[in-house]
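For reference, structure-v1.pdb is printed below; it contains PDB, C-alpha atoms, pLDDT in the B column.
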ATOM      1  CA  MET Y   1     -16.368 -16.919  16.265  1.00 74.00           C
ATOM      2  CA  PHE Y   2     -17.416 -15.478  12.899  1.00 77.00           C
ATOM      3  CA  ASN Y   3     -20.975 -14.941  14.183  1.00 84.00           C
ATOM      4  CA  ILE Y   4     -19.660 -12.929  17.123  1.00 86.00           C
ATOM      5  CA  PHE Y   5     -17.711 -10.702  14.736  1.00 81.00           C
ATOM      6  CA  THR Y   6     -20.642 -10.179  12.343  1.00 84.00           C
ATOM      7  CA  ASN Y   7     -22.969  -9.242  15.214  1.00 88.00           C
ATOM      8  CA  LEU Y   8     -20.714  -6.328  16.237  1.00 86.00           C
ATOM      9  CA  SER Y   9     -21.407  -2.790  15.028  1.00 85.00           C
ATOM     10  CA  TYR Y  10     -19.769  -1.766  11.776  1.00 80.00           C
ATOM     11  CA  PRO Y  11     -17.371   0.720  13.390  1.00 82.00           C
ATOM     12  CA  MET Y  12     -16.241  -2.009  15.819  1.00 85.00           C
ATOM     13  CA  GLN Y  13     -15.779  -4.451  12.930  1.00 83.00           C
ATOM     14  CA  ALA Y  14     -13.664  -1.849  11.114  1.00 81.00           C
ATOM     15  CA  PHE Y  15     -11.630  -1.207  14.269  1.00 85.00           C
ATOM     16  CA  ILE Y  16     -10.963  -4.933  14.795  1.00 88.00           C
ATOM     17  CA  ALA Y  17     -10.066  -5.404  11.116  1.00 84.00           C
ATOM     18  CA  CYS Y  18      -7.606  -2.482  11.268  1.00 83.00           C
ATOM     19  CA  LEU Y  19      -6.156  -3.795  14.516  1.00 90.00           C
ATOM     20  CA  PHE Y  20      -5.727  -7.253  12.985  1.00 90.00           C
ATOM     21  CA  THR Y  21      -3.998  -5.770   9.920  1.00 85.00           C
ATOM     22  CA  TRP Y  22      -1.690  -3.726  12.142  1.00 87.00           C
ATOM     23  CA  LEU Y  23      -0.881  -6.806  14.243  1.00 91.00           C
ATOM     24  CA  ILE Y  24      -0.038  -8.966  11.224  1.00 88.00           C
ATOM     25  CA  THR Y  25       2.081  -6.189   9.693  1.00 83.00           C
ATOM     26  CA  SER Y  26       3.937  -5.722  12.993  1.00 87.00           C
ATOM     27  CA  LEU Y  27       4.460  -9.454  13.292  1.00 87.00           C
ATOM     28  CA  GLY Y  28       5.863  -9.695   9.777  1.00 80.00           C
ATOM     29  CA  SER Y  29       8.192  -6.742  10.249  1.00 79.00           C
ATOM     30  CA  SER Y  30       9.369  -7.930  13.667  1.00 83.00           C
ATOM     31  CA  VAL Y  31      11.363 -10.704  11.981  1.00 77.00           C
ATOM     32  CA  VAL Y  32      14.076  -8.080  11.585  1.00 76.00           C
ATOM     33  CA  PHE Y  33      14.831  -8.393  15.312  1.00 81.00           C
ATOM     34  CA  LEU Y  34      15.795 -12.052  14.925  1.00 80.00           C
ATOM     35  CA  PHE Y  35      18.793 -11.440  12.669  1.00 75.00           C
ATOM     36  CA  LYS Y  36      21.914  -9.347  13.064  1.00 78.00           C
ATOM     37  CA  LYS Y  37      22.956  -9.889   9.497  1.00 82.00           C
ATOM     38  CA  VAL Y  38      20.756 -11.357   6.775  1.00 77.00           C
ATOM     39  CA  ASN Y  39      22.125 -13.744   4.179  1.00 83.00           C
ATOM     40  CA  LYS Y  40      21.715 -12.277   0.672  1.00 85.00           C
ATOM     41  CA  THR Y  41      19.936 -15.413  -0.553  1.00 90.00           C
ATOM     42  CA  VAL Y  42      17.428 -15.257   2.315  1.00 82.00           C
ATOM     43  CA  LEU Y  43      16.898 -11.536   1.690  1.00 79.00           C
ATOM     44  CA  ASP Y  44      16.303 -12.178  -2.021  1.00 87.00           C
ATOM     45  CA  ALA Y  45      13.807 -14.929  -1.192  1.00 89.00           C
ATOM     46  CA  MET Y  46      11.935 -12.695   1.265  1.00 83.00           C
ATOM     47  CA  LEU Y  47      11.839  -9.802  -1.203  1.00 84.00           C
ATOM     48  CA  GLY Y  48      10.645 -12.140  -3.957  1.00 91.00           C
ATOM     49  CA  PHE Y  49       7.880 -13.498  -1.731  1.00 91.00           C
ATOM     50  CA  ALA Y  50       6.803  -9.988  -0.714  1.00 86.00           C
ATOM     51  CA  ALA Y  51       6.809  -8.847  -4.350  1.00 88.00           C
ATOM     52  CA  GLY Y  52       4.686 -11.831  -5.382  1.00 92.00           C
ATOM     53  CA  VAL Y  53       2.160 -11.198  -2.610  1.00 90.00           C
ATOM     54  CA  MET Y  54       1.953  -7.507  -3.521  1.00 85.00           C
ATOM     55  CA  ILE Y  55       1.497  -8.252  -7.231  1.00 87.00           C
ATOM     56  CA  ALA Y  56      -1.285 -10.722  -6.414  1.00 92.00           C
ATOM     57  CA  ALA Y  57      -2.902  -8.233  -4.024  1.00 86.00           C
ATOM     58  CA  THR Y  58      -2.668  -5.495  -6.639  1.00 82.00           C
ATOM     59  CA  PHE Y  59      -4.360  -7.596  -9.267  1.00 86.00           C
ATOM     60  CA  PHE Y  60      -7.062  -9.266  -7.189  1.00 89.00           C
ATOM     61  CA  SER Y  61      -7.902  -6.268  -4.985  1.00 83.00           C
ATOM     62  CA  LEU Y  62      -7.410  -3.364  -7.377  1.00 81.00           C
ATOM     63  CA  LEU Y  63      -6.975  -4.179 -11.051  1.00 85.00           C
ATOM     64  CA  SER Y  64      -9.545  -6.959 -11.408  1.00 88.00           C
ATOM     65  CA  PRO Y  65     -12.357  -4.993  -9.669  1.00 87.00           C
ATOM     66  CA  ALA Y  66     -11.406  -1.882 -11.664  1.00 86.00           C
ATOM     67  CA  ILE Y  67     -11.653  -3.843 -14.921  1.00 89.00           C
ATOM     68  CA  ALA Y  68     -15.052  -5.240 -13.907  1.00 90.00           C
ATOM     69  CA  MET Y  69     -16.316  -1.821 -12.819  1.00 88.00           C
ATOM     70  CA  ALA Y  70     -15.102  -0.157 -16.024  1.00 89.00           C
ATOM     71  CA  ASN Y  71     -16.811  -2.872 -18.090  1.00 92.00           C
ATOM     72  CA  ASN Y  72     -20.059  -2.387 -16.143  1.00 92.00           C
ATOM     73  CA  LEU Y  73     -19.902   1.354 -16.830  1.00 89.00           C
ATOM     74  CA  GLY Y  74     -19.329   0.771 -20.547  1.00 91.00           C
ATOM     75  CA  MET Y  75     -15.781   2.153 -20.480  1.00 91.00           C
ATOM     76  CA  THR Y  76     -12.693   0.730 -22.161  1.00 91.00           C
ATOM     77  CA  SER Y  77     -11.259  -1.144 -19.194  1.00 89.00           C
ATOM     78  CA  TRP Y  78      -7.641  -1.371 -20.287  1.00 90.00           C
ATOM     79  CA  ILE Y  79      -7.440   2.413 -20.702  1.00 92.00           C
ATOM     80  CA  VAL Y  80      -8.919   3.079 -17.254  1.00 88.00           C
ATOM     81  CA  VAL Y  81      -6.652   0.564 -15.527  1.00 88.00           C
ATOM     82  CA  SER Y  82      -3.563   1.709 -17.423  1.00 90.00           C
ATOM     83  CA  LEU Y  83      -4.199   5.350 -16.539  1.00 90.00           C
ATOM     84  CA  GLY Y  84      -4.481   4.516 -12.846  1.00 84.00           C
ATOM     85  CA  PHE Y  85      -1.469   2.202 -12.870  1.00 83.00           C
ATOM     86  CA  PHE Y  86       0.844   4.557 -14.738  1.00 90.00           C
ATOM     87  CA  GLY Y  87      -0.540   7.569 -12.849  1.00 87.00           C
ATOM     88  CA  GLY Y  88       0.747   6.072  -9.608  1.00 80.00           C
ATOM     89  CA  GLY Y  89       4.155   5.460 -11.171  1.00 83.00           C
ATOM     90  CA  LEU Y  90       4.216   9.018 -12.516  1.00 90.00           C
ATOM     91  CA  LEU Y  91       3.424  10.351  -9.056  1.00 82.00           C
ATOM     92  CA  LEU Y  92       6.427   8.532  -7.579  1.00 78.00           C
ATOM     93  CA  PHE Y  93       8.624   9.688 -10.474  1.00 87.00           C
ATOM     94  CA  LEU Y  94       7.608  13.302  -9.884  1.00 87.00           C
ATOM     95  CA  GLY Y  95       8.316  12.886  -6.178  1.00 81.00           C
ATOM     96  CA  ASP Y  96      11.798  11.679  -7.073  1.00 81.00           C
ATOM     97  CA  ILE Y  97      12.416  14.710  -9.285  1.00 86.00           C
ATOM     98  CA  ILE Y  98      11.071  17.128  -6.659  1.00 83.00           C
ATOM     99  CA  PHE Y  99      13.289  15.585  -3.978  1.00 79.00           C
ATOM    100  CA  ASP Y 100      16.366  15.920  -6.223  1.00 79.00           C
ATOM    101  CA  TYR Y 101      15.486  19.575  -6.811  1.00 81.00           C
ATOM    102  CA  ILE Y 102      15.197  20.222  -3.057  1.00 76.00           C
ATOM    103  CA  VAL Y 103      18.514  18.458  -2.371  1.00 73.00           C
ATOM    104  CA  LYS Y 104      20.324  20.640  -4.923  1.00 73.00           C
ATOM    105  CA  LYS Y 105      19.110  23.730  -3.090  1.00 72.00           C
ATOM    106  CA  ARG Y 106      20.158  22.545   0.389  1.00 69.00           C
ATOM    107  CA  LYS Y 107      23.288  20.544  -0.533  1.00 66.00           C
ATOM    108  CA  ALA Y 108      23.526  18.999   2.945  1.00 58.00           C
ATOM    109  CA  THR Y 109      21.354  15.895   2.896  1.00 61.00           C
ATOM    110  CA  PRO Y 110      22.399  12.443   4.169  1.00 66.00           C
ATOM    111  CA  SER Y 111      22.871   9.814   1.470  1.00 66.00           C
ATOM    112  CA  ASN Y 112      19.959   7.653   2.593  1.00 71.00           C
ATOM    113  CA  ALA Y 113      17.539  10.563   3.139  1.00 73.00           C
ATOM    114  CA  LYS Y 114      16.114  10.176  -0.359  1.00 73.00           C
ATOM    115  CA  ARG Y 115      15.165   6.546   0.255  1.00 75.00           C
ATOM    116  CA  ILE Y 116      13.614   7.461   3.596  1.00 77.00           C
ATOM    117  CA  VAL Y 117      11.548  10.330   2.182  1.00 76.00           C
ATOM    118  CA  MET Y 118      10.392   8.258  -0.807  1.00 75.00           C
ATOM    119  CA  LEU Y 119       9.407   5.373   1.487  1.00 79.00           C
ATOM    120  CA  ILE Y 120       7.462   7.630   3.843  1.00 81.00           C
ATOM    121  CA  SER Y 121       5.780   9.418   0.930  1.00 78.00           C
ATOM    122  CA  SER Y 122       4.833   6.144  -0.756  1.00 76.00           C
ATOM    123  CA  ILE Y 123       3.376   4.659   2.416  1.00 81.00           C
ATOM    124  CA  THR Y 124       1.474   7.873   3.171  1.00 81.00           C
ATOM    125  CA  LEU Y 125       0.031   8.035  -0.341  1.00 77.00           C
ATOM    126  CA  HIS Y 126      -0.800   4.329  -0.100  1.00 76.00           C
ATOM    127  CA  ASN Y 127      -2.656   4.753   3.193  1.00 78.00           C
ATOM    128  CA  ILE Y 128      -4.729   7.822   2.258  1.00 78.00           C
ATOM    129  CA  PRO Y 129      -7.099   5.957  -0.119  1.00 75.00           C
ATOM    130  CA  GLU Y 130      -7.309   3.017   2.288  1.00 73.00           C
ATOM    131  CA  GLY Y 131      -8.358   5.348   5.084  1.00 75.00           C
ATOM    132  CA  LEU Y 132     -10.905   7.037   2.830  1.00 73.00           C
ATOM    133  CA  ASP Y 133     -12.287   3.640   1.787  1.00 71.00           C
ATOM    134  CA  LEU Y 134     -12.607   2.595   5.411  1.00 70.00           C
ATOM    135  CA  TRP Y 135     -14.333   5.862   6.323  1.00 73.00           C
ATOM    136  CA  VAL Y 136     -16.778   5.560   3.410  1.00 70.00           C
ATOM    137  CA  ALA Y 137     -17.522   1.917   4.310  1.00 68.00           C
ATOM    138  CA  ILE Y 138     -18.253   2.866   7.915  1.00 70.00           C
ATOM    139  CA  CYS Y 139     -20.465   5.800   6.882  1.00 72.00           C
ATOM    140  CA  ILE Y 140     -22.441   3.706   4.392  1.00 69.00           C
ATOM    141  CA  LYS Y 141     -23.009   0.840   6.823  1.00 63.00           C
ATOM    142  CA  THR Y 142     -24.053   3.013   9.785  1.00 59.00           C
TER     143      THR Y 142
END
Would you write the structure of this file as structure tokens?
Amino acid sequence: MFNIFTNLSYPMQAFIACLFTWLITSLGSSVVFLFKKVNKTVLDAMLGFAAGVMIAATFFSLLSPAIAMANNLGMTSWIVVSLGFFGGGLLLFLGDIIFDYIVKKRKATPSNAKRIVMLISSITLHNIPEGLDLWVAICIKT
């Protein structure tokens, strides 16, 4: 099975990998259709599990390679990683401030609109570098 996948063209491999990621994400989020009301303990456990997976993914996929790359380039790794980490937090903080400023001007925004806009903005900002990485990987391999 793995040999079949590795013999495909790089764009097809990228397409299948993206499709697989989409399928797993859809499968994980479809659990919401099984419950009308979620017990608070179950919700806390699911959020804790998701947070642990995301922290592990952040370290092993982003921070650890960034530290290694900074060390290879002769840079102070903790400064580089800290700037990137806190830069992302600052970006979300600024988005929060900008949204509050816009709401004060309009004065007619639903109570949950802020959470919705912040979620959409965060996911969009999260997906832009992933899409660029995928595009660069396809261009390099072709």
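Relative to CA of Ser82 in chain Y, CA of Ala70 in chain Y is found at 11.8 Å.
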Atom pair CA of Pro11 in chain Y + CA of Val136 in chain Y, distance 11.1 Å
The distance between CA of Val31 in chain Y and CA of Leu43 in chain Y is 11.7 Å
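Residue membership of the PyMOL selection byres ((chain Y and resi 100) around 12) in the shown file amounts to Phe93, Leu94, Gly95, Asp96, Ile97, Ile98, Phe99, Tyr101, Ile102, Val103, Lys104, Lys105, Arg106, Lys107, Thr109, Ser111, Ala113, Lys114, Arg115, Val117 and Met118 of chain Y.
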Centre and edge lengths, as lines of an AutoDock Vina configuration file, for the axis-aligned box enclosing every listed atom of range 15-28 of chain Y with 4 Å of padding on each of the six sides, in Å to one decimal?
center_x = -2.9
center_y = -5.5
center_z = 12.2
size_x = 25.5
size_y = 16.5
size_z = 13.1
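Shortest atom-to-atom contact with His126 in chain Y among Y:Thr6, Y:Ser30, Y:Thr58, Y:Asn39: Y:Thr58, counting all atoms listed in the file.
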Item checked: Explicit residues for the PyMOL selection byres ((chain Y and resi 80) around 10) (as a PyMOL selection string) -> chain Y and resi 63+66-67+69-71+75-79+81-85
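With distances restricted to all atoms listed in the file, Y:Ser122 is the closest residue to Leu91 in chain Y from Y:Asn3, Y:Asn112, Y:Ser122, Y:Ser29.
Closest to Leu134 in chain Y among Y:Gly87, Y:Gln13, Y:Leu92, Y:Met1 is Y:Gln13, based on all atoms listed in the file.
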Emit a file covering range 10-60 of chain Y of the preceding structure with N, CA and C atoms, as a compact mmCIF listing (two decimals), in the first residue's frame.
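The resulting file, result.txt, is reproduced below:
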# COMPACT_ATOMS: atom_id res chain seq x y z
N TYR Y 10 3.95 13.69 -7.19
CA TYR Y 10 3.93 14.50 -5.98
C TYR Y 10 2.63 15.30 -5.81
N PRO Y 11 2.10 15.90 -6.87
CA PRO Y 11 0.81 16.58 -6.69
C PRO Y 11 -0.30 15.63 -6.25
N MET Y 12 -0.30 14.40 -6.76
CA MET Y 12 -1.32 13.43 -6.36
C MET Y 12 -1.11 13.01 -4.90
N GLN Y 13 0.15 12.85 -4.49
CA GLN Y 13 0.42 12.54 -3.09
C GLN Y 13 -0.08 13.66 -2.18
N ALA Y 14 0.17 14.91 -2.58
CA ALA Y 14 -0.29 16.05 -1.79
C ALA Y 14 -1.81 16.09 -1.74
N PHE Y 15 -2.46 15.81 -2.86
CA PHE Y 15 -3.93 15.79 -2.90
C PHE Y 15 -4.49 14.72 -1.97
N ILE Y 16 -3.91 13.52 -2.02
CA ILE Y 16 -4.39 12.43 -1.16
C ILE Y 16 -4.14 12.76 0.31
N ALA Y 17 -2.98 13.34 0.61
CA ALA Y 17 -2.68 13.70 2.00
C ALA Y 17 -3.66 14.75 2.51
N CYS Y 18 -3.96 15.75 1.68
CA CYS Y 18 -4.94 16.78 2.08
C CYS Y 18 -6.33 16.17 2.24
N LEU Y 19 -6.69 15.28 1.34
CA LEU Y 19 -7.99 14.62 1.43
C LEU Y 19 -8.09 13.77 2.70
N PHE Y 20 -7.02 13.07 3.04
CA PHE Y 20 -6.99 12.27 4.25
C PHE Y 20 -7.13 13.15 5.49
N THR Y 21 -6.40 14.28 5.50
CA THR Y 21 -6.50 15.21 6.64
C THR Y 21 -7.91 15.76 6.77
N TRP Y 22 -8.51 16.13 5.64
CA TRP Y 22 -9.88 16.63 5.67
C TRP Y 22 -10.83 15.56 6.20
N LEU Y 23 -10.65 14.32 5.75
CA LEU Y 23 -11.53 13.23 6.18
C LEU Y 23 -11.43 12.99 7.68
N ILE Y 24 -10.22 12.96 8.21
CA ILE Y 24 -10.02 12.73 9.64
C ILE Y 24 -10.59 13.90 10.45
N THR Y 25 -10.38 15.12 9.98
CA THR Y 25 -10.94 16.28 10.67
C THR Y 25 -12.46 16.23 10.67
N SER Y 26 -13.05 15.89 9.53
CA SER Y 26 -14.51 15.77 9.44
C SER Y 26 -15.03 14.67 10.35
N LEU Y 27 -14.32 13.56 10.38
CA LEU Y 27 -14.72 12.46 11.24
C LEU Y 27 -14.68 12.87 12.72
N GLY Y 28 -13.63 13.53 13.11
CA GLY Y 28 -13.52 13.98 14.50
C GLY Y 28 -14.58 14.99 14.89
N SER Y 29 -14.89 15.91 13.96
CA SER Y 29 -15.90 16.93 14.28
C SER Y 29 -17.32 16.40 14.15
N SER Y 30 -17.51 15.29 13.46
CA SER Y 30 -18.86 14.75 13.30
C SER Y 30 -19.40 14.12 14.58
N VAL Y 31 -18.56 13.95 15.58
CA VAL Y 31 -19.02 13.42 16.86
C VAL Y 31 -20.10 14.30 17.46
N VAL Y 32 -20.11 15.57 17.07
CA VAL Y 32 -21.10 16.51 17.59
C VAL Y 32 -22.52 16.07 17.23
N PHE Y 33 -22.69 15.32 16.16
CA PHE Y 33 -24.03 14.89 15.75
C PHE Y 33 -24.56 13.73 16.61
N LEU Y 34 -23.72 13.14 17.42
CA LEU Y 34 -24.14 12.01 18.24
C LEU Y 34 -24.76 12.43 19.57
N PHE Y 35 -24.57 13.69 19.96
CA PHE Y 35 -25.04 14.14 21.27
C PHE Y 35 -25.95 15.34 21.12
N LYS Y 36 -27.06 15.33 21.89
CA LYS Y 36 -27.89 16.53 21.96
C LYS Y 36 -27.31 17.49 22.98
N LYS Y 37 -26.94 16.93 24.11
CA LYS Y 37 -26.34 17.72 25.17
C LYS Y 37 -25.12 16.97 25.67
N VAL Y 38 -24.02 17.67 25.85
CA VAL Y 38 -22.78 17.04 26.27
C VAL Y 38 -22.57 17.27 27.76
N ASN Y 39 -22.25 16.19 28.46
CA ASN Y 39 -21.92 16.28 29.88
C ASN Y 39 -20.67 17.14 30.03
N LYS Y 40 -20.64 18.00 31.04
CA LYS Y 40 -19.51 18.91 31.25
C LYS Y 40 -18.21 18.15 31.46
N THR Y 41 -18.26 17.02 32.15
CA THR Y 41 -17.05 16.23 32.39
C THR Y 41 -16.51 15.66 31.07
N VAL Y 42 -17.41 15.18 30.22
CA VAL Y 42 -16.99 14.65 28.92
C VAL Y 42 -16.42 15.77 28.06
N LEU Y 43 -17.06 16.94 28.08
CA LEU Y 43 -16.57 18.08 27.32
C LEU Y 43 -15.18 18.49 27.81
N ASP Y 44 -14.98 18.54 29.12
CA ASP Y 44 -13.67 18.88 29.67
C ASP Y 44 -12.61 17.87 29.26
N ALA Y 45 -12.97 16.60 29.27
CA ALA Y 45 -12.02 15.55 28.86
C ALA Y 45 -11.66 15.70 27.38
N MET Y 46 -12.66 15.97 26.53
CA MET Y 46 -12.40 16.12 25.11
C MET Y 46 -11.55 17.36 24.83
N LEU Y 47 -11.84 18.45 25.52
CA LEU Y 47 -11.04 19.67 25.35
C LEU Y 47 -9.61 19.46 25.85
N GLY Y 48 -9.46 18.75 26.96
CA GLY Y 48 -8.13 18.45 27.48
C GLY Y 48 -7.33 17.58 26.52
N PHE Y 49 -7.97 16.58 25.93
CA PHE Y 49 -7.31 15.72 24.96
C PHE Y 49 -6.88 16.53 23.73
N ALA Y 50 -7.80 17.37 23.23
CA ALA Y 50 -7.49 18.18 22.05
C ALA Y 50 -6.36 19.16 22.35
N ALA Y 51 -6.36 19.74 23.54
CA ALA Y 51 -5.29 20.67 23.92
C ALA Y 51 -3.95 19.95 24.00
N GLY Y 52 -3.94 18.75 24.56
CA GLY Y 52 -2.71 17.97 24.65
C GLY Y 52 -2.17 17.60 23.28
N VAL Y 53 -3.05 17.19 22.38
CA VAL Y 53 -2.62 16.85 21.01
C VAL Y 53 -2.06 18.09 20.31
N MET Y 54 -2.73 19.23 20.48
CA MET Y 54 -2.26 20.44 19.82
C MET Y 54 -0.93 20.93 20.39
N ILE Y 55 -0.74 20.80 21.70
CA ILE Y 55 0.54 21.19 22.30
C ILE Y 55 1.66 20.28 21.78
N ALA Y 56 1.39 18.98 21.72
CA ALA Y 56 2.39 18.05 21.19
C ALA Y 56 2.69 18.35 19.72
N ALA Y 57 1.64 18.60 18.94
CA ALA Y 57 1.84 18.92 17.52
C ALA Y 57 2.63 20.22 17.36
N THR Y 58 2.34 21.20 18.20
CA THR Y 58 3.06 22.46 18.13
C THR Y 58 4.53 22.26 18.42
N PHE Y 59 4.83 21.48 19.44
CA PHE Y 59 6.24 21.29 19.77
C PHE Y 59 6.96 20.46 18.71
N PHE Y 60 6.42 19.29 18.41
CA PHE Y 60 7.14 18.37 17.52
C PHE Y 60 7.14 18.81 16.06
